[in-house]
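Trainee: One structure, pasted below without further comment.
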Amino acid sequence: MKERVKRYIDSLFEDIPDSRQLRELKEEVCANLLERITDSIARGLSEEDAFKSAAAELGDVTELADTMRKAARSMSQSSIIFRLLDRKTALGYALGSASARPARSSA
C-alpha cells in the first residue's frame with residue numbers, strides 16, 4: 001500500500017520541479033494518507049475503499065499541487081525569457097515599450 005500511495009502522490013506533483021521543500025511536503029502528505037488509510041481499514045473498510053476515501057479527502061492538497069504547478073510554469077517562462085535576454089537588452093526592451101506607449105495627459 002505504501003508504494004501505491006507514493007505513486008499516487010508523485011502523480012499529483014509530477015509537473016512540479018523537484019526541491020527539498022517539495023520532497024518534504026510529499027513525505028508529509030504520504031504519511032498523512034497512509035494514516036488515514038490505516039484508520040479506515042481498522043474501521044472495517046477494504047484497502048481499496050480506504051485508499052479511495054483517503055484520496056478523496058486530499059482535495060486541498062490537489063488544489064495546492066495545481067497552484068504549485070501554475071507557479072512553476074510561470075517561473076519557468078520568466079526564467080527562459082531572462083536567460084534569452086541579458087539585463088541590458090531586457091532594460092532596453094522595457095524602456096522601448098514604455099516610450100512606445102502614448103503619453104498620458106496631466107489634466
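By order in the C-alpha cells, chains are A, B, ...; within a chain, residues start at 1; ligands start at 1, following the order shown.
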Using only C-alpha atoms, which protein or nucleic acid residues come within 10 Å of Ala72 in chain A? Drop anything in the same chain fewer than 6 positions from it, and give the result as an mmCIF file with C-alpha atoms, in the first residue's frame.

Mentor:
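Result file is selection19.cif:
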```cif
data_model
loop_
_atom_site.group_PDB
_atom_site.id
_atom_site.type_symbol
_atom_site.label_atom_id
_atom_site.label_comp_id
_atom_site.auth_asym_id
_atom_site.auth_seq_id
_atom_site.Cartn_x
_atom_site.Cartn_y
_atom_site.Cartn_z
ATOM 1 C CA ASP A 15 4.991 18.556 -13.228
ATOM 2 C CA ILE A 16 6.496 20.480 -10.344
ATOM 3 C CA PRO A 17 10.280 20.919 -10.264
ATOM 4 C CA ASP A 66 -2.341 22.775 -9.114
ATOM 5 C CA SER A 78 10.060 34.045 -16.839
#
```

Trainee: Counting only C-alpha atoms, which of A:Ala42, A:Val61, A:Ile9, A:Ala71 gets nearest to Lys26 in chain A?

Mentor: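 Closest residue, counting only C-alpha atoms: A:Ile9.
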
Trainee: When DSSP is applied to the backbone of this structure, which of range 11-82 of chain A are assigned helix (DSSP H, G or I)? Write them out as an MDAnalysis selection string.

Mentor: chainID A and resid 11:12 20:42 47:56 59:82

Trainee: Give me, please, the distance in Å between CA of Glu48 in chain A and CA of Arg69 in chain A, quoted to one decimal.

Mentor: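 Taking CA of Glu48 in chain A as the start and CA of Arg69 in chain A as the end point, the length is 28.0 Å.
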
Trainee: Taking only C-alpha atoms into account, which of A:Asp49, A:Glu28, A:Glu35, A:Asp10 comes nearest Ala65 in chain A?

Mentor: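 Nearest candidate to Ala65 in chain A out of A:Asp49, A:Glu28, A:Glu35, A:Asp10: A:Asp10.
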